[in-house]
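Peer 1: Next up, my_file_27.pdb (PDB, C-alpha atoms).
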```pdb
ATOM      1  CA  MET W   1      -4.604  19.770  -3.332
ATOM      2  CA  GLU W   2      -5.931  18.968  -6.779
ATOM      3  CA  GLN W   3      -3.211  16.366  -7.106
ATOM      4  CA  ALA W   4      -5.191  14.116  -4.750
ATOM      5  CA  ILE W   5      -8.258  14.232  -7.018
ATOM      6  CA  ASN W   6      -6.055  13.463  -9.940
ATOM      7  CA  LEU W   7      -4.601  10.474  -8.168
ATOM      8  CA  ASP W   8      -8.007   9.051  -7.293
ATOM      9  CA  ALA W   9      -8.955   9.195 -10.947
ATOM     10  CA  ALA W  10      -5.593   7.755 -11.853
ATOM     11  CA  PHE W  11      -6.103   4.633  -9.744
ATOM     12  CA  SER W  12      -9.514   4.096 -11.306
ATOM     13  CA  ALA W  13      -8.049   4.570 -14.745
ATOM     14  CA  LEU W  14      -5.415   1.961 -13.955
ATOM     15  CA  ALA W  15      -7.984  -0.623 -12.918
ATOM     16  CA  ASP W  16      -8.435  -1.542 -16.579
ATOM     17  CA  PRO W  17      -5.882  -3.941 -18.127
ATOM     18  CA  THR W  18      -6.100  -2.349 -21.586
ATOM     19  CA  ARG W  19      -5.325   1.058 -20.150
ATOM     20  CA  ARG W  20      -2.390  -0.387 -18.238
ATOM     21  CA  ALA W  21      -1.135  -1.882 -21.495
ATOM     22  CA  ILE W  22      -1.523   1.466 -23.241
ATOM     23  CA  LEU W  23       0.495   3.093 -20.472
ATOM     24  CA  ALA W  24       3.154   0.421 -20.769
ATOM     25  CA  ARG W  25       3.393   1.160 -24.494
ATOM     26  CA  LEU W  26       3.572   4.897 -23.893
ATOM     27  CA  ALA W  27       6.286   4.357 -21.307
ATOM     28  CA  LYS W  28       8.488   3.449 -24.277
ATOM     29  CA  GLY W  29       7.731   6.696 -26.035
ATOM     30  CA  GLU W  30       5.196   8.884 -27.743
ATOM     31  CA  ALA W  31       2.652   7.198 -30.021
ATOM     32  CA  SER W  32      -0.259   8.092 -32.261
ATOM     33  CA  VAL W  33      -3.752   6.674 -31.731
ATOM     34  CA  LEU W  34      -3.218   4.510 -34.800
ATOM     35  CA  GLU W  35       0.029   3.126 -33.418
ATOM     36  CA  LEU W  36      -1.644   2.457 -30.100
ATOM     37  CA  ALA W  37      -4.652   0.724 -31.674
ATOM     38  CA  LYS W  38      -2.565  -1.730 -33.713
ATOM     39  CA  PRO W  39      -1.113  -4.065 -31.037
ATOM     40  CA  PHE W  40      -4.375  -4.171 -29.111
ATOM     41  CA  ALA W  41      -6.502  -5.174 -32.112
ATOM     42  CA  MET W  42      -8.898  -2.438 -31.166
ATOM     43  CA  SER W  43     -10.736   0.168 -33.160
ATOM     44  CA  GLN W  44      -9.412   3.693 -33.043
ATOM     45  CA  PRO W  45     -12.546   5.014 -31.297
ATOM     46  CA  ALA W  46     -12.146   2.356 -28.593
ATOM     47  CA  VAL W  47      -8.544   3.353 -28.028
ATOM     48  CA  SER W  48      -9.534   7.008 -28.055
ATOM     49  CA  GLN W  49     -12.075   6.277 -25.330
ATOM     50  CA  HIS W  50      -9.397   4.681 -23.140
ATOM     51  CA  LEU W  51      -7.066   7.567 -23.882
ATOM     52  CA  LYS W  52      -9.718  10.011 -22.761
ATOM     53  CA  VAL W  53      -9.992   8.257 -19.381
ATOM     54  CA  LEU W  54      -6.213   8.298 -19.052
ATOM     55  CA  GLU W  55      -6.046  11.964 -20.031
ATOM     56  CA  ASP W  56      -8.820  12.925 -17.619
ATOM     57  CA  ALA W  57      -6.873  11.169 -14.879
ATOM     58  CA  GLY W  58      -3.825  13.191 -15.812
ATOM     59  CA  LEU W  59      -1.816  10.115 -16.744
ATOM     60  CA  VAL W  60      -1.461  10.820 -20.446
ATOM     61  CA  VAL W  61      -1.017  14.090 -22.315
ATOM     62  CA  CYS W  62      -1.713  14.964 -25.901
ATOM     63  CA  ARG W  63       0.492  17.021 -28.190
ATOM     64  CA  VAL W  64      -0.784  18.827 -31.255
ATOM     65  CA  GLU W  65       1.372  18.404 -34.341
ATOM     66  CA  GLY W  66      -0.462  19.516 -37.478
ATOM     67  CA  THR W  67      -3.323  17.070 -37.863
ATOM     68  CA  LYS W  68      -1.693  14.543 -35.539
ATOM     69  CA  ARG W  69      -2.323  14.198 -31.827
ATOM     70  CA  PRO W  70       0.476  12.034 -30.480
ATOM     71  CA  ARG W  71       0.083  10.909 -26.876
ATOM     72  CA  ARG W  72       2.738  10.508 -24.282
ATOM     73  CA  LEU W  73       2.956   9.626 -20.617
ATOM     74  CA  ALA W  74       2.461  12.435 -18.123
ATOM     75  CA  LYS W  75       5.406  11.400 -16.065
ATOM     76  CA  GLY W  76       4.562  13.202 -12.849
ATOM     77  CA  SER W  77       1.290  11.375 -12.191
ATOM     78  CA  VAL W  78       2.699   7.926 -12.569
ATOM     79  CA  GLU W  79       5.600   8.850 -10.353
ATOM     80  CA  ALA W  80       3.224  10.148  -7.695
ATOM     81  CA  MET W  81       1.418   6.824  -7.569
ATOM     82  CA  ASP W  82       4.616   4.850  -7.556
ATOM     83  CA  ARG W  83       5.716   7.047  -4.714
ATOM     84  CA  TRP W  84       2.691   6.132  -2.597
ATOM     85  CA  LEU W  85       3.195   2.479  -3.093
ATOM     86  CA  ALA W  86       6.868   2.987  -2.341
ATOM     87  CA  ILE W  87       5.975   4.796   0.872
ATOM     88  CA  LEU W  88       3.627   2.020   1.938
ATOM     89  CA  ARG W  89       6.285  -0.515   1.047
ATOM     90  CA  ARG W  90       8.944   1.265   3.077
ATOM     91  CA  ALA W  91       6.684   1.513   6.126
ATOM     92  CA  LEU W  92       5.998  -2.209   5.917
ATOM     93  CA  GLU W  93       9.628  -3.124   5.286
ATOM     94  CA  LYS W  94      10.659  -1.126   8.330
ATOM     95  CA  ASN W  95       7.967  -2.781  10.435
ATOM     96  CA  TYR W  96       8.807  -6.273   9.306
ATOM     97  CA  ASP W  97      12.540  -5.798   9.789
ATOM     98  CA  ARG W  98      11.735  -4.921  13.381
ATOM     99  CA  LEU W  99       9.393  -7.906  13.558
ATOM    100  CA  ASP W 100      12.291 -10.144  12.485
ATOM    101  CA  GLU W 101      14.151  -9.001  15.590
ATOM    102  CA  VAL W 102      11.109  -9.486  17.809
ATOM    103  CA  LEU W 103      10.681 -13.015  16.441
ATOM    104  CA  ALA W 104      14.347 -13.814  16.945
ATOM    105  CA  SER W 105      14.103 -12.793  20.586
ATOM    106  CA  MET W 106      10.994 -14.927  20.989
ATOM    107  CA  GLU W 107      12.756 -17.967  19.606
ATOM    108  CA  ASN W 108      15.680 -17.565  21.992
ATOM    109  CA  PRO W 109      13.847 -16.308  25.043
ATOM    110  CA  LYS W 110      16.084 -14.479  27.427
ATOM    111  CA  LYS W 111      15.116 -13.936  30.998
ATOM    112  CA  LYS W 112      12.762 -10.987  31.102
TER     113      LYS W 112
ATOM    114  CA  MET N   1      17.399  -8.472  -1.327
ATOM    115  CA  SER N   2      13.992  -7.322  -0.280
ATOM    116  CA  LYS N   3      11.837 -10.097   1.079
ATOM    117  CA  LEU N   4       8.679  -8.044   0.838
ATOM    118  CA  THR N   5       6.387  -7.992  -2.149
ATOM    119  CA  LEU N   6       3.632  -5.449  -2.559
ATOM    120  CA  LYS N   7       1.284  -5.338  -5.484
ATOM    121  CA  THR N   8      -2.113  -4.042  -6.402
ATOM    122  CA  GLU N   9      -4.565  -6.520  -7.819
ATOM    123  CA  GLY N  10      -7.621  -5.471  -9.761
ATOM    124  CA  ASP N  11      -9.010  -2.259  -8.418
ATOM    125  CA  ARG N  12      -9.768  -3.433  -4.903
ATOM    126  CA  TYR N  13      -6.769  -5.172  -3.453
ATOM    127  CA  VAL N  14      -3.299  -4.456  -2.187
ATOM    128  CA  ILE N  15      -1.464  -7.714  -1.518
ATOM    129  CA  VAL N  16       1.661  -7.901   0.586
ATOM    130  CA  THR N  17       3.765 -10.995   1.187
ATOM    131  CA  ARG N  18       6.733 -11.422   3.477
ATOM    132  CA  HIS N  19       8.722 -14.427   4.635
ATOM    133  CA  PHE N  20       9.753 -14.734   8.287
ATOM    134  CA  ALA N  21      12.319 -17.058   9.764
ATOM    135  CA  ALA N  22      10.066 -17.965  12.692
ATOM    136  CA  PRO N  23       7.195 -20.502  12.660
ATOM    137  CA  PRO N  24       3.571 -19.383  12.136
ATOM    138  CA  GLU N  25       2.822 -19.626  15.864
ATOM    139  CA  ALA N  26       5.385 -16.934  16.652
ATOM    140  CA  VAL N  27       4.455 -14.652  13.743
ATOM    141  CA  TYR N  28       0.789 -14.923  14.648
ATOM    142  CA  ARG N  29       1.543 -14.064  18.271
ATOM    143  CA  ALA N  30       3.583 -11.043  17.219
ATOM    144  CA  HIS N  31       0.552  -9.834  15.256
ATOM    145  CA  THR N  32      -1.955 -10.296  18.068
ATOM    146  CA  ASP N  33      -0.056  -9.738  21.343
ATOM    147  CA  THR N  34      -0.257  -6.127  22.524
ATOM    148  CA  LYS N  35       3.253  -5.975  23.978
ATOM    149  CA  LEU N  36       4.815  -7.528  20.912
ATOM    150  CA  LEU N  37       2.899  -5.300  18.476
ATOM    151  CA  GLN N  38       4.167  -2.230  20.253
ATOM    152  CA  LYS N  39       7.733  -3.304  19.493
ATOM    153  CA  TRP N  40       7.454  -3.423  15.737
ATOM    154  CA  LEU N  41       4.272  -1.859  14.340
ATOM    155  CA  LEU N  42       5.829   1.591  14.297
ATOM    156  CA  GLY N  43       6.347   2.746  10.733
ATOM    157  CA  PRO N  44       9.373   4.865  10.022
ATOM    158  CA  GLU N  45      12.290   5.586  12.302
ATOM    159  CA  GLY N  46      11.451   8.039  15.047
ATOM    160  CA  TRP N  47       7.808   7.087  15.550
ATOM    161  CA  THR N  48       6.478   5.440  18.684
ATOM    162  CA  MET N  49       3.165   3.904  19.637
ATOM    163  CA  PRO N  50       2.271   5.244  23.071
ATOM    164  CA  VAL N  51      -1.233   3.767  22.938
ATOM    165  CA  CYS N  52      -1.733   0.154  21.884
ATOM    166  CA  ILE N  53      -5.086  -1.285  22.849
ATOM    167  CA  ASN N  54      -5.667  -4.651  21.251
ATOM    168  CA  GLU N  55      -8.439  -7.108  22.113
ATOM    169  CA  ALA N  56      -7.438 -10.043  19.973
ATOM    170  CA  LYS N  57     -10.744 -11.905  19.873
ATOM    171  CA  PRO N  58     -13.577 -11.943  17.341
ATOM    172  CA  GLY N  59     -15.437  -8.673  17.756
ATOM    173  CA  GLY N  60     -12.563  -7.274  19.817
ATOM    174  CA  LYS N  61     -11.520  -3.689  19.242
ATOM    175  CA  PHE N  62      -8.096  -2.197  18.761
ATOM    176  CA  ARG N  63      -6.681   1.285  18.804
ATOM    177  CA  TYR N  64      -3.133   2.212  17.893
ATOM    178  CA  GLU N  65      -1.811   5.729  18.324
ATOM    179  CA  TRP N  66       1.448   6.898  16.800
ATOM    180  CA  VAL N  67       3.427  10.043  17.454
ATOM    181  CA  ASN N  68       6.725  11.278  16.090
ATOM    182  CA  GLY N  69       7.677  13.492  19.009
ATOM    183  CA  LYS N  70       7.332  16.578  16.830
ATOM    184  CA  GLY N  71       3.677  17.215  17.350
ATOM    185  CA  GLN N  72       2.600  14.940  14.517
ATOM    186  CA  GLY N  73       0.485  11.919  15.101
ATOM    187  CA  PHE N  74      -2.499   9.901  14.043
ATOM    188  CA  TYR N  75      -4.384   6.846  15.164
ATOM    189  CA  VAL N  76      -6.047   3.787  13.783
ATOM    190  CA  THR N  77      -9.078   2.031  15.212
ATOM    191  CA  GLY N  78     -10.549  -1.256  14.162
ATOM    192  CA  GLU N  79     -12.344  -4.453  15.042
ATOM    193  CA  TYR N  80     -11.307  -8.051  14.699
ATOM    194  CA  LEU N  81     -13.680 -10.083  12.562
ATOM    195  CA  GLU N  82     -12.012 -13.447  12.760
ATOM    196  CA  LEU N  83      -9.059 -15.057  14.486
ATOM    197  CA  GLU N  84      -7.909 -18.536  13.618
ATOM    198  CA  PRO N  85      -4.955 -19.089  15.938
ATOM    199  CA  TYR N  86      -1.595 -19.344  14.173
ATOM    200  CA  ARG N  87      -3.183 -19.320  10.706
ATOM    201  CA  LYS N  88      -5.237 -16.267   9.984
ATOM    202  CA  THR N  89      -6.620 -12.969  11.216
ATOM    203  CA  ALA N  90      -9.206 -10.692   9.662
ATOM    204  CA  HIS N  91     -10.070  -7.200  10.767
ATOM    205  CA  VAL N  92     -11.368  -3.855   9.589
ATOM    206  CA  GLU N  93      -9.478  -0.684  10.324
ATOM    207  CA  ARG N  94      -9.644   3.015   9.590
ATOM    208  CA  MET N  95      -7.204   5.840  10.019
ATOM    209  CA  HIS N  96      -8.175   9.001  11.846
ATOM    210  CA  LEU N  97      -6.465  12.018  10.381
ATOM    211  CA  PRO N  98      -8.493  13.081  12.374
ATOM    212  CA  ASP N  99     -11.451  12.395  10.086
ATOM    213  CA  PRO N 100     -11.814   8.646   9.659
ATOM    214  CA  THR N 101     -10.907   7.112   6.320
ATOM    215  CA  PRO N 102     -13.334   4.501   4.933
ATOM    216  CA  ASP N 103     -12.942   1.022   6.385
ATOM    217  CA  ASN N 104     -10.065  -1.030   5.113
ATOM    218  CA  HIS N 105     -10.651  -4.786   5.317
ATOM    219  CA  VAL N 106      -7.439  -6.673   6.060
ATOM    220  CA  GLU N 107      -6.969 -10.413   5.989
ATOM    221  CA  THR N 108      -3.630 -11.857   7.045
ATOM    222  CA  ARG N 109      -2.618 -15.468   6.586
ATOM    223  CA  PHE N 110       0.330 -17.216   8.176
ATOM    224  CA  ASP N 111       1.402 -20.286   6.236
ATOM    225  CA  ALA N 112       4.252 -22.598   7.149
ATOM    226  CA  ASP N 113       7.072 -22.102   4.653
ATOM    227  CA  GLY N 114       9.981 -24.434   5.264
ATOM    228  CA  THR N 115      10.992 -23.803   8.867
ATOM    229  CA  GLY N 116       9.541 -20.300   8.684
ATOM    230  CA  THR N 117       6.357 -18.524   7.728
ATOM    231  CA  LEU N 118       4.982 -16.956   4.607
ATOM    232  CA  MET N 119       2.695 -14.127   5.603
ATOM    233  CA  THR N 120       0.168 -12.934   3.028
ATOM    234  CA  MET N 121      -1.753  -9.801   3.833
ATOM    235  CA  CYS N 122      -4.624  -8.789   1.620
ATOM    236  CA  MET N 123      -6.126  -5.369   2.081
ATOM    237  CA  THR N 124      -9.579  -5.158   0.532
ATOM    238  CA  LEU N 125     -10.966  -1.725  -0.017
ATOM    239  CA  PRO N 126     -14.425  -0.581  -1.005
ATOM    240  CA  ASP N 127     -13.208   0.832  -4.312
ATOM    241  CA  ALA N 128     -10.200   2.149  -6.180
ATOM    242  CA  GLN N 129     -10.816   5.703  -5.029
ATOM    243  CA  THR N 130     -10.768   4.690  -1.403
ATOM    244  CA  ARG N 131      -7.575   2.756  -1.878
ATOM    245  CA  ALA N 132      -5.981   5.727  -3.549
ATOM    246  CA  ALA N 133      -7.183   7.960  -0.746
ATOM    247  CA  MET N 134      -5.766   5.603   1.864
ATOM    248  CA  LEU N 135      -2.439   5.319   0.159
ATOM    249  CA  ALA N 136      -2.357   9.062  -0.329
ATOM    250  CA  THR N 137      -3.706  10.930   2.644
ATOM    251  CA  GLY N 138      -2.782   8.483   5.331
ATOM    252  CA  MET N 139       0.769   8.121   4.292
ATOM    253  CA  GLU N 140       1.334  11.614   3.045
ATOM    254  CA  ARG N 141      -0.251  13.688   5.772
ATOM    255  CA  GLY N 142       0.795  11.711   8.789
ATOM    256  CA  MET N 143       4.182  10.511   7.762
ATOM    257  CA  GLU N 144       5.535  12.698   5.020
ATOM    258  CA  ALA N 145       8.222  14.374   7.093
ATOM    259  CA  SER N 146       9.538  11.161   8.521
ATOM    260  CA  TYR N 147       9.540   9.430   5.201
ATOM    261  CA  ALA N 148      11.390  12.256   3.584
ATOM    262  CA  ARG N 149      14.097  11.693   6.140
ATOM    263  CA  LEU N 150      13.919   7.966   5.714
ATOM    264  CA  GLU N 151      14.223   8.260   1.962
ATOM    265  CA  THR N 152      17.580   9.950   2.291
ATOM    266  CA  MET N 153      18.791   6.876   4.147
ATOM    267  CA  LEU N 154      17.515   4.312   1.704
ATOM    268  CA  PRO N 155      18.730   3.555  -1.763
ATOM    269  CA  GLY N 156      16.211   4.479  -4.456
ATOM    270  CA  ALA N 157      13.761   1.806  -5.485
TER     271      ALA N 157
END
```
Starting from the coordinates I provided, produce the structure as structure tokens.

Peer 2:
Amino acid sequence: MEQAINLDAAFSALADPTRRAILARLAKGEASVLELAKPFAMSQPAVSQHLKVLEDAGLVVCRVEGTKRPRRLAKGSVEAMDRWLAILRRALEKNYDRLDEVLASMENPKKK
Amino acid sequence: MSKLTLKTEGDRYVIVTRHFAAPPEAVYRAHTDTKLLQKWLLGPEGWTMPVCINEAKPGGKFRYEWVNGKGQGFYVTGEYLELEPYRKTAHVERMHLPDPTPDNHVETRFDADGTGTLMTMCMTLPDAQTRAAMLATGMERGMEASYARLETMLPGA
């Protein structure tokens, strides 16, 4: 599915701390490029470049409002990634809960 | 309270930590002994590991096969790179779905933590894309059905 390609790009996009910060800001709500540039002490073109990477990865979407182009989080993509990590986490939690039991039985060895 | 932490670091690492009540010797053994591995390295409820080949020595190979009893299954093969008894293991592994995923480098440390053990597992991947692919295809294709069931049993994160 194309979602997988999207997610690959999304992980790459997230490798950059500035882009993660932009996402964190957008998680609070829609913002213009100007609003996004301010807290990062970055030029608008620099922010636009990061936004392009995030948009290409499907993490951020752009809305047209007259001459403005406010950006907001594309919720689905971020949720999909969170879901993977959650799945990995659950598999490990399940494994390690079982390991706890295995370890407990090793510490109090019963006759086998 | 969840004792497990899982985080991504940079674009190449997934780091997992977990505390165990047993000393490093026991946790290390449970990670390297074939019979013990087969008891816990199973993933979600309902999966079993009918094949567990594990040569725990440097250069030794391992092969784990999982099935869910519903015709779904996959396997992992790998090689041990380094074993430092009771302290550390390092290996490479790949999933076969059935095409092999790129190698995942895994280093696991077992550090004494009070009377127990703090395990730190660091998965190093060739690049962010590979990590994404591993987290995606491996988990989604092989385990989706089981996890969907599991999710209904667990409170939301």

Peer 1: Could you jot down the CA of Val53 in chain W to CA of Lys7 in chain N separation for me, Å, one decimal place?

Peer 2: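 These two atoms are separated by 22.5 Å.
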
Peer 1: Do you have the CA of Ala90 in chain N-CA of Asp103 in chain N distance handy?

Peer 2: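 Separation of CA of Ala90 in chain N and CA of Asp103 in chain N: 12.7 Å.
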
Peer 1: Tell me which of W:Ala74, W:Ser105, W:Gly29, W:Ile22 sits closest to Cys62 in chain W, counting all atoms listed in the file.

Peer 2: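 Result for the nearest residue to Cys62 in chain W: W:Ala74.
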
Peer 1: On this structure, the PyMOL selection byres ((chain W and resi 61) around 10) would catch which residues? List them as JSON, numbers by chain, sorted by chain and number.

Peer 2: {"W": [30, 51, 52, 54, 55, 56, 57, 58, 59, 60, 62, 63, 69, 70, 71, 72, 73, 74, 75]}

Peer 1: Rank nothing, just name the residue among N:Tyr28, N:Tyr13, N:Tyr64, N:Trp40 nearest to chain W, using all atoms listed in the file.

Peer 2: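 Nearest to chain W: N:Trp40.
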
Peer 1: Taking the file as shown, what set of residues would the PyMOL selection byres ((chain N and resi 82-88) around 12) give back, as a PyMOL selection string?

Peer 2: chain N and resi 22-33+55-61+79-81+89-92+105-112+117-122

Peer 1: Looking at N:Ile15, N:Ala21, N:Met49, N:Met95, which one is nearest to chain W, with distances taken over all atoms listed in the file?

Peer 2: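 So, comparing all the options, the nearest one is N:Ala21.
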
Peer 1: Return as a ChimeraX atom specification the set of residues that the PyMOL selection byres ((chain N and resi 52) around 10) yields on the displayed structure.

Peer 2: /N:34-35,37-38,41,49-51,53-55,62-66,75-76

Peer 1: Tell me which of N:Pro100, N:Thr17, N:Leu42, N:Gly114 sits closest to chain W, counting all atoms listed in the file.

Peer 2: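 Selected residue with least distance to chain W: N:Leu42.
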
Peer 1: Out of W:Ala24, W:Leu14, W:Val64, W:Ala37, which residue has the shortest atom-to-atom distance to chain N when counting all atoms listed in the file?

Peer 2: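 With all atoms listed in the file as the atom set, the closest residue is W:Leu14.
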
Peer 1: CA of Leu103 in chain W to CA of Phe20 in chain N: how many Å, to one decimal?

Peer 2: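 Result for CA of Leu103 in chain W versus CA of Phe20 in chain N: 8.4 Å, one decimal.
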